[in-house]
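Heads up, the thing below is written out as structure tokens.
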There are 2 protein chains.
Amino acid sequence: MAQALRHDAMRAGNLAVVLAALDRRGPLTRAALAETTGLTKTTVSKLVGDLIDAGMAVESGTVRDGERGRPGVVVRLSGHRVAALGLEINVDYLAACVVDLSRTVRLLRTQAVDNRAASPSDVITRLGELATGMLADAAGLGLSVAGAIVALPGPVDRSTGTVHRAPNLGWRDVAVSELLALPLPVLVDNEANLAALGELWFGSGATLGDFLHVSGEIGIGAGLVIDGALFRGAHGFAGELGHVVVSPDGPPCRCGGTGCLERYAGQDALLHPGEEIADFVARLKAGEPSAEAACGRAGSALGIALTTAVNLIDPDTIVLGGIFAPLFPWVSGPAEEAMRKRLGQMRARVPALVVSRVGADAATLGAAGQVIQRIIADPGAFLLDPQR
Amino acid sequence: MAQALRHDAMRAGNLAVVLAALDRRGPLTRAALAETTGLTKTTVSKLVGDLIDAGMAVESGTVRDGERGRPGVVVRLSGHRVAALGLEINVDYLAACVVDLSRTVRLLRTQAVDNRAASPSDVITRLGELATGMLADAAGLGLSVAGAIVALPGPVDRSTGTVHRAPNLGWRDVAVSELLALPLPVLVDNEANLAALGELWFGSGATLGDFLHVSGEIGIGAGLVIDGALFRGAHGFAGELGHVVVSPDGPPCRCGGTGCLERYAGQDALLHPGEEIADFVARLKAGEPSAEAACGRAGSALGIALTTAVNLIDPDTIVLGGIFAPLFPWVSGPAEEAMRKRLGQMRARVPALVVSRVGADAATLGAAGQVIQRIIADPGAFLLDPQR
DNA sequence: CGATTTAGTCTATGTTGTGGACTAAATATC
DNA sequence: GATATTTAGTCCACAACATAGACTAAATCG
């Protein structure tokens with residue numbers, strides 16, 4: 001049920017409207033803000049004043065609208081004060097980044113570690129050290145970090161900050177937020193979801209609209225962005241593309257089912273045991289038939305799974321990330337063909353397959369971006385508590 | 001982007017908050033409304049006064065909260081003035097219903113006609129006559145009908161009121177809203193979507209939360225309700241369960257693909273040509289092996305498709321409607337087994353399969369219910385234009 | 001019958017956005 | 001170069017709305 005609207009909610013809402021306009025429509029004068037938001041110039045001036053006081057917006061330069069008339073003062077999001085911390089725990093690395101309010105990446109650090117060999121608490125301690133270092137550096141830049149989100153490779157309970165299972169790490173029910181114990185609010189989220197958001201804000205998302213982002217690693221996850229927000233399903237477990245049934249009589253999968261996409265297009269199905277993706281790409285570039293055949297099979301299977309995804313959730317575009325980004329030239333053709341064959345007659349337009357532009361840091365960046373998104377959606381909460 | 005909040009928006013929003021509380025939390029006193037909404041008693045009294053003046057709420061009876069104290073006057077949604085018209089065009093019938101603001105079905109009329117034999121304009125003219133009769137009867141009951149939605153068996157463009165394709169009717173790009181030309185706002189929507197909403201408001205939806213509603217007919221559609229609202233995807237074509245790939249090497253489907261669910265569990269795959277569902281059920285009840293085998297195959301295929309749907313969109317419950325409602329006893333077992341086998345290891349809880357409680361009128365009722373939903377979500381718009 | 005409890009209304013008040021007048025700063029025109 | 005015109009932004013009186021708390025109303029308990 002919608003919340004009751006009181007005067008403070010009205011003000012907070014309008015603050016968010018102005019900030020969102022600055023975020024999406026780029027730098028604007030007060031007059032242009034009044035025009036796009038529908039508020040009066042008076043109100044916009046007051047709100048912009050508050051945002052500038054809070055360090056969330058700055059004046060910078062002037063422009064004229066028409067041929068003559070007084071030039072307007074350009075107002076833009078300020079990246080000088082407010083920032084967010086993005087963290088990621090994955091199988092073979094830890095990552096952290098600091099992103100400012102204007103979604104500029106200010107700091108980014110990756111640490112190669114084999115996290116399967118360490119206990120959850122050791123891994124989290126190490127991530128805590130990485131995060132603490134980032135916070136110190138951010139403070140040195142004059143940034144005040146409002147919050148953090150940790151990207152985790154498995155289904156999470158966002159309300160408790162716990163990861164249910166992370167099969168590739170061998171984790172079960174680890175209370176990440178709690179164990180991390182940083183001096184700011186820490187949330188958790190699923191890696192595939194955050195990678196989709198990373199693509200939205202740091203990749204080609206701005207020109208994309210609604211899209212499905214496939215983040216293939218050992219498992220294959222997907223994040224669906226509709227109207228600038230993640231679709232999470234009833235329990236937050238939506239987007240398990242890896243276990244979509246490609247062939248009901250196919251080989252058994254570790255999930256208990258048979259013929260899941262993962263068995264055809266997961267990392268383990270493509271690469272030799274222990275092989276790096278770069279080596280596999282090298283084999284492909286050398287034209288090795290067995291590697292090409294594996295990609296063809298993976299692409300077709302992916303096409304079938306994506307056909308099903310399109311029928312069920314109707315994305316506008318499909319972005320291939322994770323290992324599918326370097327493999328795009330070999331995988332996209334068969335996938336697209338399978339989709340066109342199955343969808344061409346029913347739909348005027350088959351969703352385009354495009355390659356991710358963010359790469360390996362998608363989830364880390366998406367995590368920080370999501371914190372920024374929350375601030376922009378409710379700047380009032382931040383204004384009232386400028387402490388953190 | 002969120003809308004700018006002005007004083008009138010604040011009032012309209014709070015009106016909606018109060019009305020929604022009356023709709024969901026049942027009849028309440030003004031004091032209880034103030035408690036649940038977070039508004040003050042003064043504000044609630046004013047808003048309730050407006051709603052009563054508009055004929056959207058009524059006082060009825062008194063209750064005491066504790067052991068003593070002045071009894072409160074119970075306020076409830078009024079079904080006496082505001083109502084909505086739901087319409088449906090399907091292959092072999094037309095249907096219309098009038099539902100009042102309290103979501104009580106006041107009128108319901110079905111007309112058996114073979115719409116495949118008639119031209120779109122003839123069908124729509126006939127529906128117009130049915131609707132006009134309903135409007136007259138509604139007026140006789142003192143009801144003022146705020147708007148209508150037409151349920152159509154195919155993908156629609158809701159902004160133009162057009163149905164793109166309705167394969168089973170043989171229609172292409174028919175401007176239904178325009179041709180219908182009723183003296184009230186007419187929108188269109190997809191039958192499967194509206195059937196899901198029908199289940200939400202007129203079936204077991206109240207106890208259900210988030211669910212996927214499967215409406216099997218000749219084609220198989222699905223509507224996903226999350227947080228009380230439909231998930232539509234980027235272009236409004238989400239929920240095409242019928243063309244989810246069950247077996248990539250299966251028999252060809254009219255969509256151009258192969259091994260779609262529709263080929264295993266669609267009406268044409270189960271019933272003899274020309275057979276009625278009732279006759280098929282009779283054969284099942286008589287224990288005819290070929291009928292039972294067909295249901296087994298259909299159930300397994302449905303289970304595979306639903307497994308995929310659960311992996312991608314994560315519903316809490318799955319409601320089987322359309323032809324699957326009468327076939328539930330024969331279909332649900334195999335479907336549930338297939339789902340449990342494939343999902344059991346990954347999820348703590350496999351979504352429950354339940355039978356639809358609404359039946360054939362789900363889409364028609366859902367159409368009217370959706371109009372009511374729009375009124376409750378924005379009563380201000382209705383108050384300003386109490387004419388219609 | 002008075003004390004207590006709960007419901008609902010009334011009134012003065014505070015917060016917020018509005019509309020139009022006003023000031024500011026530029027170019028165009030004569 | 002003076003004046004008109006145009007656009008940006010601020011100021012101020014005002015209107016809309018919700019609020020807080022006093023007040024009235026209507027019930028039960030002792």
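Chain labels A, B, ... are given in the sequence in which chains occur in the structure tokens; within each chain residues are numbered consecutively from 1, and ligands are likewise numbered from 1 in the order shown.
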Select from chain A every residue with an atom at most 12 Å from any atom of chain D, then for each give the shortest pair of atoms and their distance in Å to one decimal, using only C-alpha atoms (C1' of nucleotides), rows by chain and rising number, as CSV.
```
residue,atom,partner,partner_atom,distance
A:Ala4,CA,D:DA18,C1',10.7
A:Leu5,CA,D:DA18,C1',9.0
A:Arg6,CA,D:DA18,C1',6.5
A:His7,CA,D:DA18,C1',6.9
A:Asp8,CA,D:DA18,C1',10.2
A:Ala9,CA,D:DA18,C1',11.3
A:Met10,CA,D:DC17,C1',10.8
A:Thr29,CA,D:DA8,C1',8.7
A:Arg30,CA,D:DG9,C1',7.9
A:Ala31,CA,D:DA8,C1',6.7
A:Ala32,CA,D:DA8,C1',9.9
A:Leu33,CA,D:DA8,C1',11.9
A:Ala34,CA,D:DG9,C1',11.3
A:Thr40,CA,D:DG9,C1',11.3
A:Lys41,CA,D:DG9,C1',7.7
A:Thr42,CA,D:DT10,C1',7.5
A:Thr43,CA,D:DT10,C1',10.9
A:Val44,CA,D:DG9,C1',10.3
A:Ser45,CA,D:DG9,C1',7.9
A:Lys46,CA,D:DT10,C1',10.1
A:Thr62,CA,D:DA8,C1',10.5
A:Val63,CA,D:DA8,C1',10.3
A:Arg64,CA,D:DT7,C1',7.9
A:Asp65,CA,D:DT7,C1',7.4
A:Gly66,CA,D:DT7,C1',7.8
A:Glu67,CA,D:DT6,C1',8.4
A:Arg68,CA,D:DT6,C1',5.8
A:Gly69,CA,D:DT7,C1',4.0
A:Arg70,CA,D:DT7,C1',5.1
A:Pro71,CA,D:DA8,C1',6.4
A:Gly72,CA,D:DA8,C1',5.4
A:Val73,CA,D:DA8,C1',8.1
A:Val74,CA,D:DA8,C1',10.9
```
With N, CA and C atoms retained, could you export that selection as a tab-separated table (two decimals), in the first residue's frame?
```tsv
chain	number	residue	atom	x	y	z
A	4	ALA	N	1.32	7.18	3.31
A	4	ALA	CA	0.62	8.44	3.52
A	4	ALA	C	1.55	9.59	3.17
A	5	LEU	N	1.02	10.59	2.52
A	5	LEU	CA	1.82	11.73	2.10
A	5	LEU	C	1.65	12.86	3.09
A	6	ARG	N	2.73	13.23	3.73
A	6	ARG	CA	2.70	14.36	4.62
A	6	ARG	C	3.58	15.44	4.01
A	7	HIS	N	3.65	16.56	4.68
A	7	HIS	CA	4.40	17.65	4.07
A	7	HIS	C	5.86	17.30	3.88
A	8	ASP	N	6.45	16.61	4.86
A	8	ASP	CA	7.85	16.26	4.71
A	8	ASP	C	8.05	15.27	3.58
A	9	ALA	N	7.06	14.39	3.36
A	9	ALA	CA	7.16	13.45	2.25
A	9	ALA	C	7.07	14.19	0.92
A	10	MET	N	6.25	15.22	0.90
A	10	MET	CA	6.11	16.01	-0.32
A	10	MET	C	7.46	16.66	-0.65
A	29	THR	N	19.65	24.10	-16.15
A	29	THR	CA	19.46	25.33	-15.39
A	29	THR	C	18.22	25.17	-14.51
A	30	ARG	N	18.07	26.08	-13.56
A	30	ARG	CA	16.87	26.03	-12.72
A	30	ARG	C	15.61	26.16	-13.55
A	31	ALA	N	15.69	27.04	-14.56
A	31	ALA	CA	14.52	27.24	-15.41
A	31	ALA	C	14.15	25.95	-16.15
A	32	ALA	N	15.16	25.27	-16.67
A	32	ALA	CA	14.90	24.03	-17.40
A	32	ALA	C	14.39	22.96	-16.44
A	33	LEU	N	14.90	22.95	-15.22
A	33	LEU	CA	14.41	22.00	-14.22
A	33	LEU	C	12.94	22.23	-13.92
A	34	ALA	N	12.58	23.51	-13.81
A	34	ALA	CA	11.18	23.84	-13.56
A	34	ALA	C	10.32	23.32	-14.71
A	40	THR	N	7.32	24.93	-9.99
A	40	THR	CA	7.55	26.34	-10.34
A	40	THR	C	9.02	26.69	-10.14
A	41	LYS	N	9.41	27.79	-10.75
A	41	LYS	CA	10.79	28.23	-10.61
A	41	LYS	C	11.14	28.47	-9.14
A	42	THR	N	10.20	29.07	-8.43
A	42	THR	CA	10.43	29.34	-7.00
A	42	THR	C	10.79	28.06	-6.26
A	43	THR	N	9.95	27.05	-6.42
A	43	THR	CA	10.15	25.80	-5.71
A	43	THR	C	11.47	25.15	-6.11
A	44	VAL	N	11.73	25.12	-7.39
A	44	VAL	CA	12.97	24.52	-7.87
A	44	VAL	C	14.16	25.24	-7.24
A	45	SER	N	14.11	26.57	-7.19
A	45	SER	CA	15.23	27.32	-6.61
A	45	SER	C	15.48	26.89	-5.17
A	46	LYS	N	14.38	26.76	-4.41
A	46	LYS	CA	14.54	26.36	-3.02
A	46	LYS	C	15.15	24.96	-2.91
A	62	THR	N	27.39	28.82	-17.36
A	62	THR	CA	26.10	29.41	-17.76
A	62	THR	C	25.82	29.05	-19.21
A	63	VAL	N	24.53	29.03	-19.52
A	63	VAL	CA	24.12	28.85	-20.92
A	63	VAL	C	22.92	29.73	-21.20
A	64	ARG	N	22.73	30.07	-22.46
A	64	ARG	CA	21.52	30.79	-22.87
A	64	ARG	C	20.61	29.84	-23.61
A	65	ASP	N	19.33	30.00	-23.37
A	65	ASP	CA	18.37	29.11	-23.99
A	65	ASP	C	18.12	29.52	-25.44
A	66	GLY	N	17.74	30.76	-25.66
A	66	GLY	CA	17.44	31.21	-27.02
A	66	GLY	C	18.53	32.12	-27.55
A	67	GLU	N	18.18	33.03	-28.40
A	67	GLU	CA	19.15	33.95	-28.99
A	67	GLU	C	19.55	35.04	-28.00
A	68	ARG	N	18.56	35.46	-27.23
A	68	ARG	CA	18.91	36.48	-26.25
A	68	ARG	C	18.32	36.12	-24.89
A	69	GLY	N	18.41	37.01	-23.96
A	69	GLY	CA	17.92	36.74	-22.62
A	69	GLY	C	19.06	36.45	-21.66
A	70	ARG	N	18.75	36.57	-20.39
A	70	ARG	CA	19.77	36.31	-19.37
A	70	ARG	C	20.21	34.86	-19.40
A	71	PRO	N	21.48	34.61	-19.32
A	71	PRO	CA	21.94	33.22	-19.32
A	71	PRO	C	21.57	32.53	-18.01
A	72	GLY	N	21.30	31.23	-18.11
A	72	GLY	CA	20.96	30.48	-16.91
A	72	GLY	C	22.21	29.87	-16.29
A	73	VAL	N	22.15	29.65	-14.99
A	73	VAL	CA	23.27	28.99	-14.30
A	73	VAL	C	23.06	27.49	-14.38
A	74	VAL	N	24.03	26.78	-14.88
A	74	VAL	CA	23.90	25.33	-15.04
A	74	VAL	C	24.11	24.64	-13.69
```
Distance cut-off 10 Å, counting only C-alpha atoms (C1' of nucleotides) - which residues of chain C neighbour chain B? Return them as a PyMOL selection string. chain C and resi 4-10+16-18
Please identify the strand (DSSP E) residues within stretch 154-312 of chain A (assignment by DSSP from backbone atoms) and present them as a PyMOL selection string. chain A and resi 156-157+162-166+171-174+186-190+211-216+220-226+229-231
Close residues, stretch 346-351 of chain B itself excluded, 6 Å, only C-alpha atoms (C1' of nucleotides), min 5 positions apart in chain, as a PyMOL selection string: (chain A and resi 255) or (chain B and resi 316-317)
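Proximity of B:Ile52, B:Val156, B:Leu77, B:Ile313 to chain A, computed with only C-alpha atoms, is greatest for B:Ile313.
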